[in-house]
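Participant: One file: final-v7.tsv (TSV, C-alpha atoms).
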chain	number	residue	atom	x	y	z
O	1302	MET	CA	-37.17	3.30	36.20
O	1303	LYS	CA	-33.70	1.79	35.87
O	1304	LYS	CA	-34.79	-0.23	32.83
O	1305	HIS	CA	-36.19	2.86	31.12
O	1306	LYS	CA	-32.98	4.79	31.78
O	1307	PHE	CA	-30.88	1.95	30.35
O	1308	LEU	CA	-33.14	1.75	27.29
O	1309	LEU	CA	-32.91	5.51	26.73
O	1310	VAL	CA	-29.11	5.48	27.01
O	1311	SER	CA	-28.93	2.50	24.62
O	1312	ILE	CA	-31.11	4.25	22.04
O	1313	CYS	CA	-29.03	7.44	22.29
O	1314	PHE	CA	-25.82	5.44	21.83
O	1315	LEU	CA	-27.29	3.65	18.81
O	1316	LEU	CA	-28.39	6.93	17.23
O	1317	ILE	CA	-24.93	8.44	17.73
O	1318	LEU	CA	-23.37	5.34	16.17
O	1319	LEU	CA	-25.72	5.47	13.17
O	1320	ALA	CA	-25.11	9.19	12.69
O	1321	GLN	CA	-21.51	8.46	11.70
O	1322	PRO	CA	-21.45	8.51	7.85
O	1323	GLN	CA	-19.23	5.44	7.51
O	1324	ASN	CA	-21.38	3.33	9.83
O	1325	PHE	CA	-24.62	4.41	8.21
O	1326	ILE	CA	-23.35	3.71	4.68
O	1327	PHE	CA	-21.91	0.35	5.71
O	1328	LEU	CA	-25.17	-0.77	7.36
O	1329	ARG	CA	-27.29	0.52	4.49
O	1330	ASN	CA	-25.17	-1.34	1.96
O	1331	LEU	CA	-25.12	-4.45	4.11
O	1332	PHE	CA	-28.91	-4.68	4.14
O	1333	THR	CA	-29.68	-3.41	0.64
O	1334	TYR	CA	-27.29	-5.44	-1.48
O	1335	GLN	CA	-29.01	-8.68	-2.31
O	1336	ASN	CA	-26.17	-10.68	-3.79
O	1337	LEU	CA	-23.12	-10.37	-1.58
O	1338	ALA	CA	-21.69	-13.64	-2.93
O	1339	SER	CA	-21.45	-12.25	-6.44
O	1340	GLN	CA	-19.82	-9.04	-5.18
O	1341	LEU	CA	-17.17	-11.08	-3.39
O	1342	ASN	CA	-16.80	-13.33	-6.43
O	1343	LEU	CA	-17.92	-16.31	-4.36
O	1344	SER	CA	-19.99	-19.13	-5.76
O	1345	ASP	CA	-21.94	-21.97	-4.24
O	1346	SER	CA	-21.68	-24.70	-6.84
O	1347	PRO	CA	-18.97	-26.24	-9.04
O	1348	GLU	CA	-21.01	-25.17	-12.08
O	1349	GLU	CA	-20.86	-21.53	-11.01
O	1350	LYS	CA	-17.17	-21.81	-10.22
O	1351	ASN	CA	-16.50	-23.10	-13.70
O	1352	SER	CA	-18.61	-20.51	-15.47
O	1353	GLY	CA	-17.21	-18.57	-18.42
O	1354	SER	CA	-16.92	-15.27	-16.56
O	1355	ASP	CA	-15.03	-16.93	-13.72
O	1356	SER	CA	-12.62	-18.45	-16.23
O	1357	ALA	CA	-12.07	-15.01	-17.72
O	1358	HIS	CA	-11.28	-13.62	-14.27
O	1359	GLN	CA	-8.88	-16.48	-13.63
O	1360	ARG	CA	-7.09	-15.76	-16.92
O	1361	GLN	CA	-6.84	-12.07	-16.05
O	1362	ASN	CA	-5.45	-12.94	-12.62
O	1363	GLU	CA	-2.90	-15.29	-14.15
O	1364	ASP	CA	-1.87	-12.59	-16.63
O	1365	LEU	CA	-1.43	-10.10	-13.80
O	1366	LYS	CA	0.58	-12.56	-11.70
O	1367	SER	CA	2.94	-13.23	-14.59
O	1368	LYS	CA	3.80	-9.55	-15.12
O	1369	VAL	CA	7.21	-8.32	-14.03
O	1370	PHE	CA	7.62	-4.77	-12.72
O	1371	ASP	CA	9.47	-2.81	-15.40
O	1372	GLY	CA	10.34	0.15	-13.20
O	1373	GLN	CA	7.55	2.32	-14.65
O	1374	ASN	CA	4.93	3.57	-12.20
O	1375	GLN	CA	2.49	4.70	-14.88
O	1376	VAL	CA	0.72	2.83	-17.63
O	1377	LEU	CA	-0.23	4.78	-20.74
O	1378	VAL	CA	-3.70	3.94	-21.97
O	1379	VAL	CA	-5.45	4.55	-25.30
O	1380	ASN	CA	-2.27	6.16	-26.67
O	1381	GLU	CA	-2.67	9.08	-24.25
O	1382	VAL	CA	-5.72	10.31	-26.18
O	1383	ALA	CA	-8.67	11.48	-24.08
O	1384	GLN	CA	-11.91	9.58	-24.67
O	1385	PHE	CA	-14.35	12.32	-23.65
O	1386	ARG	CA	-17.55	12.85	-25.60
O	1387	THR	CA	-18.68	16.38	-26.47
O	1388	GLU	CA	-21.43	16.24	-23.84
O	1389	ASP	CA	-18.86	15.19	-21.21
O	1390	LEU	CA	-17.04	18.48	-21.77
O	1391	SER	CA	-20.10	20.72	-21.57
O	1392	LEU	CA	-19.74	23.70	-19.23
O	1393	GLU	CA	-23.50	24.24	-19.18
O	1394	ASN	CA	-23.73	23.15	-15.53
O	1395	GLY	CA	-20.56	24.90	-14.42
O	1396	SER	CA	-18.12	23.07	-12.16
O	1397	TRP	CA	-19.35	20.01	-10.28
O	1398	GLU	CA	-18.24	16.85	-8.47
O	1399	LYS	CA	-19.97	13.48	-8.20
O	1400	TYR	CA	-18.87	10.61	-5.94
O	1401	SER	CA	-20.15	7.04	-5.91
O	1402	ASP	CA	-21.53	5.56	-2.70
O	1403	LEU	CA	-19.28	3.12	-0.89
O	1404	ASP	CA	-19.93	-0.50	-1.78
O	1405	SER	CA	-20.78	-3.25	0.71
O	1406	LEU	CA	-17.08	-3.67	1.52
O	1407	ASN	CA	-16.73	0.05	2.26
O	1408	ARG	CA	-14.72	0.69	-0.90
O	1409	VAL	CA	-14.83	3.90	-2.90
O	1410	GLY	CA	-16.16	3.84	-6.44
O	1411	VAL	CA	-16.04	6.22	-9.38
O	1412	ALA	CA	-15.53	9.96	-8.90
O	1413	GLU	CA	-16.33	12.38	-11.70
O	1414	ALA	CA	-15.95	16.13	-11.89
O	1415	MET	CA	-15.95	19.15	-14.13
O	1416	LEU	CA	-13.16	20.99	-12.38
O	1417	GLY	CA	-12.87	24.75	-12.17
O	1418	GLN	CA	-11.46	27.50	-9.99
O	1419	GLU	CA	-14.72	27.76	-8.05
O	1420	LEU	CA	-14.21	24.22	-6.67
O	1421	MET	CA	-10.66	24.86	-5.49
O	1422	PRO	CA	-10.07	25.34	-1.75
O	1423	THR	CA	-9.95	28.75	-0.13
O	1424	SER	CA	-8.50	27.45	3.15
O	1425	ASP	CA	-6.09	24.76	4.32
O	1426	ARG	CA	-7.14	21.13	4.31
O	1427	GLU	CA	-8.72	19.93	7.52
O	1428	ASP	CA	-7.79	16.78	9.42
O	1429	ILE	CA	-8.87	13.64	7.53
O	1430	SER	CA	-7.64	11.06	10.05
O	1431	SER	CA	-11.23	10.23	11.05
O	1432	VAL	CA	-11.65	8.38	7.72
O	1433	ILE	CA	-10.49	4.76	7.85
O	1434	PRO	CA	-10.60	3.51	4.25
O	1435	THR	CA	-10.83	-0.17	3.35
O	1436	GLY	CA	-7.48	-1.93	3.68
O	1437	TRP	CA	-6.11	0.59	6.16
O	1438	LYS	CA	-3.45	-1.04	8.32
O	1439	ASN	CA	-0.55	1.36	8.48
O	1440	LYS	CA	3.07	0.78	9.39
O	1441	ARG	CA	6.24	2.83	9.58
O	1442	ILE	CA	8.74	2.46	6.73
O	1443	VAL	CA	11.83	4.16	5.38
O	1444	PHE	CA	10.88	5.95	2.16
O	1445	ASN	CA	13.36	8.06	0.18
O	1446	GLY	CA	15.77	7.73	3.10
O	1447	LYS	CA	13.29	9.12	5.66
O	1448	GLN	CA	10.88	7.68	8.20
O	1449	ASP	CA	7.40	7.67	6.73
O	1450	TYR	CA	4.19	5.64	6.61
O	1451	LEU	CA	3.50	2.93	4.07
O	1452	TYR	CA	-0.07	4.10	3.43
O	1453	ASN	CA	-1.75	7.47	2.90
O	1454	ARG	CA	-5.39	8.44	2.71
O	1455	SER	CA	-5.37	9.10	-1.02
O	1456	HIS	CA	-7.93	11.28	-2.79
O	1457	LEU	CA	-9.78	10.20	-5.91
O	1458	ILE	CA	-10.10	13.92	-6.68
O	1459	ALA	CA	-7.28	15.87	-5.08
O	1460	PHE	CA	-8.05	18.29	-2.26
O	1461	GLN	CA	-6.42	21.11	-4.22
O	1462	LEU	CA	-8.91	20.48	-7.05
O	1463	GLY	CA	-12.16	19.79	-5.22
O	1464	ALA	CA	-11.68	21.06	-1.64
O	1465	GLU	CA	-13.12	17.85	-0.19
O	1466	ASN	CA	-11.87	17.16	3.32
O	1467	ALA	CA	-12.92	14.00	5.20
O	1468	ASN	CA	-15.23	12.76	2.44
O	1469	VAL	CA	-15.38	8.97	2.88
O	1470	ARG	CA	-16.43	8.60	-0.77
O	1471	ASN	CA	-13.24	10.34	-1.94
O	1472	LEU	CA	-10.53	8.68	0.18
O	1473	PHE	CA	-8.93	5.30	-0.39
O	1474	THR	CA	-5.88	3.46	0.92
O	1475	GLY	CA	-2.92	4.30	-1.32
O	1476	THR	CA	0.79	3.77	-0.80
O	1477	ARG	CA	3.03	6.71	-0.05
O	1478	ALA	CA	4.81	6.13	-3.36
O	1479	LEU	CA	1.52	6.27	-5.27
O	1480	ASN	CA	0.12	9.28	-3.44
O	1481	ALA	CA	2.98	11.76	-3.10
O	1482	ASN	CA	6.56	10.88	-3.93
O	1483	PHE	CA	8.25	14.26	-3.58
O	1484	GLU	CA	11.64	12.85	-4.62
O	1485	ASP	CA	10.18	11.75	-7.97
O	1486	GLU	CA	6.86	13.58	-8.36
O	1487	LYS	CA	6.26	12.33	-11.88
O	1488	SER	CA	5.92	8.80	-10.51
O	1489	SER	CA	3.03	9.71	-8.20
O	1490	MET	CA	-0.41	11.27	-8.21
O	1491	VAL	CA	0.83	14.63	-6.93
O	1492	TYR	CA	2.51	15.43	-10.27
O	1493	TYR	CA	-0.73	15.05	-12.21
O	1494	GLU	CA	-2.76	16.85	-9.54
O	1495	ASN	CA	-0.36	19.80	-9.67
O	1496	SER	CA	-0.40	19.83	-13.48
O	1497	ILE	CA	-4.21	19.98	-13.53
O	1498	ALA	CA	-4.32	22.65	-10.81
O	1499	ASN	CA	-1.80	24.79	-12.70
O	1500	TYR	CA	-3.84	24.46	-15.89
O	1501	ILE	CA	-7.05	25.51	-14.12
O	1502	VAL	CA	-5.59	28.63	-12.50
O	1503	GLU	CA	-3.73	29.84	-15.60
Go ahead and render the structure in this file as structure tokens.

Facilitator:
Amino acid sequence: MKKHKFLLVSICFLLILLAQPQNFIFLRNLFTYQNLASQLNLSDSPEEKNSGSDSAHQRQNEDLKSKVFDGQNQVLVVNEVAQFRTEDLSLENGSWEKYSDLDSLNRVGVAEAMLGQELMPTSDREDISSVIPTGWKNKRIVFNGKQDYLYNRSHLIAFQLGAENANVRNLFTGTRALNANFEDEKSSMVYYENSIANYIVE
């Protein structure tokens, strides 16, 4: 009888553990991805290590390491010209959001949306502290002369645009300066999020 009770409690505990979205996604990815070594950019042989693609990655890494911060927090790409195709801008399906599944390292992927007023929140954001994104190891810092945290749970698509609360596929580890620098909004995501929100509601 005692063994059966222990087994039942163990099964219940396991089911509760698997019911947590982060745990389920992590385990699913762990057992469904066949080539973890390639995802981690690991290789088994000297031949693989010296392959052309690895050399390209090494060159890119060297280029990145040689860069010096120029004081600009944004990088302008494609001359600030949008690269959308006509079909990308179709309103046929109304407003929508699409989030990639987490990868085997629990990292967020691509998020896409056709934003509109119907996606915007009608109530305050809920607590998102249950989400522990990859790389999360917070510490207290002084930022803009005030006590703050180094990291924020940053949204791929802002809460004010998509009304997503503790969506593990929409939250990543971002610095406070990246996420919301209220002393210099134009240097952080919040400026662009506000600009888009203002455009949508006008």

Participant: Excluding stretch 1446-1453 of chain O and its own-chain neighbours fewer than 5 positions away, which residues fall within 12 Å of it when counting only C-alpha atoms? Please give them as a list in words.

Facilitator: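 The residues satisfying every condition are Ile1429, Ser1430, Val1432, Ile1433, Pro1434, Thr1435, Gly1436, Trp1437, Lys1438, Asn1439, Lys1440, Arg1441, Leu1472, Phe1473, Thr1474, Gly1475, Thr1476, Arg1477, Ala1478, Leu1479, Asn1480, Ala1481, Asn1482, Phe1483, Glu1484 and Met1490 of chain O.
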
Participant: Please, what distance in Å, to one decimal, runs between atom CA of O:Gly1463 and atom CA of O:Val1502?

Facilitator: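 Computed distance, atom CA of O:Gly1463 to atom CA of O:Val1502, equals 13.2 Å.
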
Participant: To one decimal place, how far is atom CA of O:Gln1373 from atom CA of O:Ile1497 in Å?

Facilitator: 21.2 Å

Participant: Mind pulling up the distance from atom CA of O:Gln1384 to atom CA of O:Ala1459?

Facilitator: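 Atom CA of O:Ala1459 sits 21.1 Å away from atom CA of O:Gln1384.
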
Participant: Which polymer residues have any atom within 10 Å of an atom of O:Asn1495, counting all atoms listed in the file, with same-chain residues fewer than 4 positions away left out, as a ChimeraX atom specification?

Facilitator: /O:1459,1461-1462,1486,1490-1491,1499-1501

Participant: Residues at most 10 Å from O:Leu1392, counting all atoms listed in the file, excluding those fewer than 6 positions away in the same chain, as a list in words?

Facilitator: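 Residues meeting the cut-off are Met1415, Leu1416 and Gly1417 of chain O.
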
Participant: Hey, could you patch up stretch 1355-1390 of chain O with N, CA and C atoms and hand it over as an mmCIF file, in the frame of the given file?

Facilitator:
data_model
loop_
_atom_site.group_PDB
_atom_site.id
_atom_site.type_symbol
_atom_site.label_atom_id
_atom_site.label_comp_id
_atom_site.auth_asym_id
_atom_site.auth_seq_id
_atom_site.Cartn_x
_atom_site.Cartn_y
_atom_site.Cartn_z
ATOM 1 N N ASP O 1355 -16.029 -16.600 -14.730
ATOM 2 C CA ASP O 1355 -15.030 -16.930 -13.720
ATOM 3 C C ASP O 1355 -13.718 -17.333 -14.387
ATOM 4 N N SER O 1356 -13.824 -18.059 -15.485
ATOM 5 C CA SER O 1356 -12.620 -18.450 -16.230
ATOM 6 C C SER O 1356 -11.900 -17.221 -16.761
ATOM 7 N N ALA O 1357 -12.676 -16.249 -17.222
ATOM 8 C CA ALA O 1357 -12.070 -15.010 -17.720
ATOM 9 C C ALA O 1357 -11.329 -14.288 -16.606
ATOM 10 N N HIS O 1358 -11.950 -14.251 -15.411
ATOM 11 C CA HIS O 1358 -11.280 -13.620 -14.270
ATOM 12 C C HIS O 1358 -10.005 -14.366 -13.903
ATOM 13 N N GLN O 1359 -10.066 -15.685 -13.947
ATOM 14 C CA GLN O 1359 -8.880 -16.480 -13.630
ATOM 15 C C GLN O 1359 -7.754 -16.191 -14.618
ATOM 16 N N ARG O 1360 -8.106 -16.074 -15.903
ATOM 17 C CA ARG O 1360 -7.090 -15.760 -16.920
ATOM 18 C C ARG O 1360 -6.479 -14.387 -16.667
ATOM 19 N N GLN O 1361 -7.348 -13.414 -16.338
ATOM 20 C CA GLN O 1361 -6.840 -12.070 -16.050
ATOM 21 C C GLN O 1361 -5.906 -12.095 -14.843
ATOM 22 N N ASN O 1362 -6.299 -12.836 -13.807
ATOM 23 C CA ASN O 1362 -5.450 -12.940 -12.620
ATOM 24 C C ASN O 1362 -4.114 -13.579 -12.937
ATOM 25 N N GLU O 1363 -4.148 -14.627 -13.761
ATOM 26 C CA GLU O 1363 -2.900 -15.290 -14.150
ATOM 27 C C GLU O 1363 -2.010 -14.340 -14.946
ATOM 28 N N ASP O 1364 -2.638 -13.568 -15.848
ATOM 29 C CA ASP O 1364 -1.870 -12.590 -16.630
ATOM 30 C C ASP O 1364 -1.212 -11.563 -15.712
ATOM 31 N N LEU O 1365 -1.981 -11.083 -14.726
ATOM 32 C CA LEU O 1365 -1.430 -10.100 -13.800
ATOM 33 C C LEU O 1365 -0.289 -10.680 -12.976
ATOM 34 N N LYS O 1366 -0.464 -11.926 -12.523
ATOM 35 C CA LYS O 1366 0.580 -12.560 -11.700
ATOM 36 C C LYS O 1366 1.869 -12.772 -12.482
ATOM 37 N N SER O 1367 1.750 -12.945 -13.793
ATOM 38 C CA SER O 1367 2.940 -13.230 -14.590
ATOM 39 C C SER O 1367 3.721 -11.967 -14.968
ATOM 40 N N LYS O 1368 3.125 -10.805 -14.734
ATOM 41 C CA LYS O 1368 3.800 -9.550 -15.120
ATOM 42 C C LYS O 1368 4.973 -9.271 -14.193
ATOM 43 N N VAL O 1369 6.006 -8.692 -14.773
ATOM 44 C CA VAL O 1369 7.210 -8.320 -14.030
ATOM 45 C C VAL O 1369 7.291 -6.800 -14.012
ATOM 46 N N PHE O 1370 7.542 -6.228 -12.838
ATOM 47 C CA PHE O 1370 7.620 -4.770 -12.720
ATOM 48 C C PHE O 1370 8.772 -4.257 -13.576
ATOM 49 N N ASP O 1371 8.457 -3.321 -14.469
ATOM 50 C CA ASP O 1371 9.470 -2.810 -15.400
ATOM 51 C C ASP O 1371 10.075 -1.488 -14.950
ATOM 52 N N GLY O 1372 9.773 -1.091 -13.718
ATOM 53 C CA GLY O 1372 10.340 0.150 -13.200
ATOM 54 C C GLY O 1372 9.490 1.375 -13.515
ATOM 55 N N GLN O 1373 8.435 1.204 -14.304
ATOM 56 C CA GLN O 1373 7.550 2.320 -14.650
ATOM 57 C C GLN O 1373 6.341 2.321 -13.725
ATOM 58 N N ASN O 1374 6.066 3.477 -13.126
ATOM 59 C CA ASN O 1374 4.930 3.570 -12.200
ATOM 60 C C ASN O 1374 3.632 3.965 -12.888
ATOM 61 N N GLN O 1375 3.695 4.327 -14.154
ATOM 62 C CA GLN O 1375 2.490 4.700 -14.880
ATOM 63 C C GLN O 1375 2.298 3.761 -16.068
ATOM 64 N N VAL O 1376 1.051 3.605 -16.431
ATOM 65 C CA VAL O 1376 0.720 2.830 -17.630
ATOM 66 C C VAL O 1376 -0.045 3.763 -18.557
ATOM 67 N N LEU O 1377 0.446 3.924 -19.763
ATOM 68 C CA LEU O 1377 -0.230 4.780 -20.740
ATOM 69 C C LEU O 1377 -1.375 3.995 -21.366
ATOM 70 N N VAL O 1378 -2.536 4.616 -21.404
ATOM 71 C CA VAL O 1378 -3.700 3.940 -21.970
ATOM 72 C C VAL O 1378 -4.222 4.719 -23.171
ATOM 73 N N VAL O 1379 -4.872 4.016 -24.054
ATOM 74 C CA VAL O 1379 -5.450 4.550 -25.300
ATOM 75 C C VAL O 1379 -4.547 5.594 -25.955
ATOM 76 N N ASN O 1380 -3.256 5.289 -26.007
ATOM 77 C CA ASN O 1380 -2.270 6.160 -26.670
ATOM 78 C C ASN O 1380 -2.293 7.594 -26.168
ATOM 79 N N GLU O 1381 -2.622 7.761 -24.898
ATOM 80 C CA GLU O 1381 -2.670 9.080 -24.250
ATOM 81 C C GLU O 1381 -3.655 10.035 -24.933
ATOM 82 N N VAL O 1382 -4.691 9.485 -25.539
ATOM 83 C CA VAL O 1382 -5.720 10.310 -26.180
ATOM 84 C C VAL O 1382 -6.974 10.255 -25.312
ATOM 85 N N ALA O 1383 -7.472 11.417 -24.915
ATOM 86 C CA ALA O 1383 -8.670 11.480 -24.080
ATOM 87 C C ALA O 1383 -9.868 10.891 -24.818
ATOM 88 N N GLN O 1384 -10.745 10.236 -24.075
ATOM 89 C CA GLN O 1384 -11.910 9.580 -24.670
ATOM 90 C C GLN O 1384 -13.217 10.288 -24.315
ATOM 91 N N PHE O 1385 -13.148 11.584 -24.027
ATOM 92 C CA PHE O 1385 -14.350 12.320 -23.650
ATOM 93 C C PHE O 1385 -15.263 12.526 -24.857
ATOM 94 N N ARG O 1386 -16.564 12.491 -24.582
ATOM 95 C CA ARG O 1386 -17.550 12.850 -25.600
ATOM 96 C C ARG O 1386 -17.812 14.357 -25.479
ATOM 97 N N THR O 1387 -18.397 14.939 -26.488
ATOM 98 C CA THR O 1387 -18.680 16.380 -26.470
ATOM 99 C C THR O 1387 -19.529 16.754 -25.269
ATOM 100 N N GLU O 1388 -20.550 15.925 -24.974
ATOM 101 C CA GLU O 1388 -21.430 16.240 -23.840
ATOM 102 C C GLU O 1388 -20.701 16.136 -22.495
ATOM 103 N N ASP O 1389 -19.648 15.298 -22.443
ATOM 104 C CA ASP O 1389 -18.860 15.190 -21.210
ATOM 105 C C ASP O 1389 -18.141 16.504 -20.899
ATOM 106 N N LEU O 1390 -17.827 17.264 -21.929
ATOM 107 C CA LEU O 1390 -17.040 18.480 -21.770
ATOM 108 C C LEU O 1390 -17.897 19.743 -21.684
#
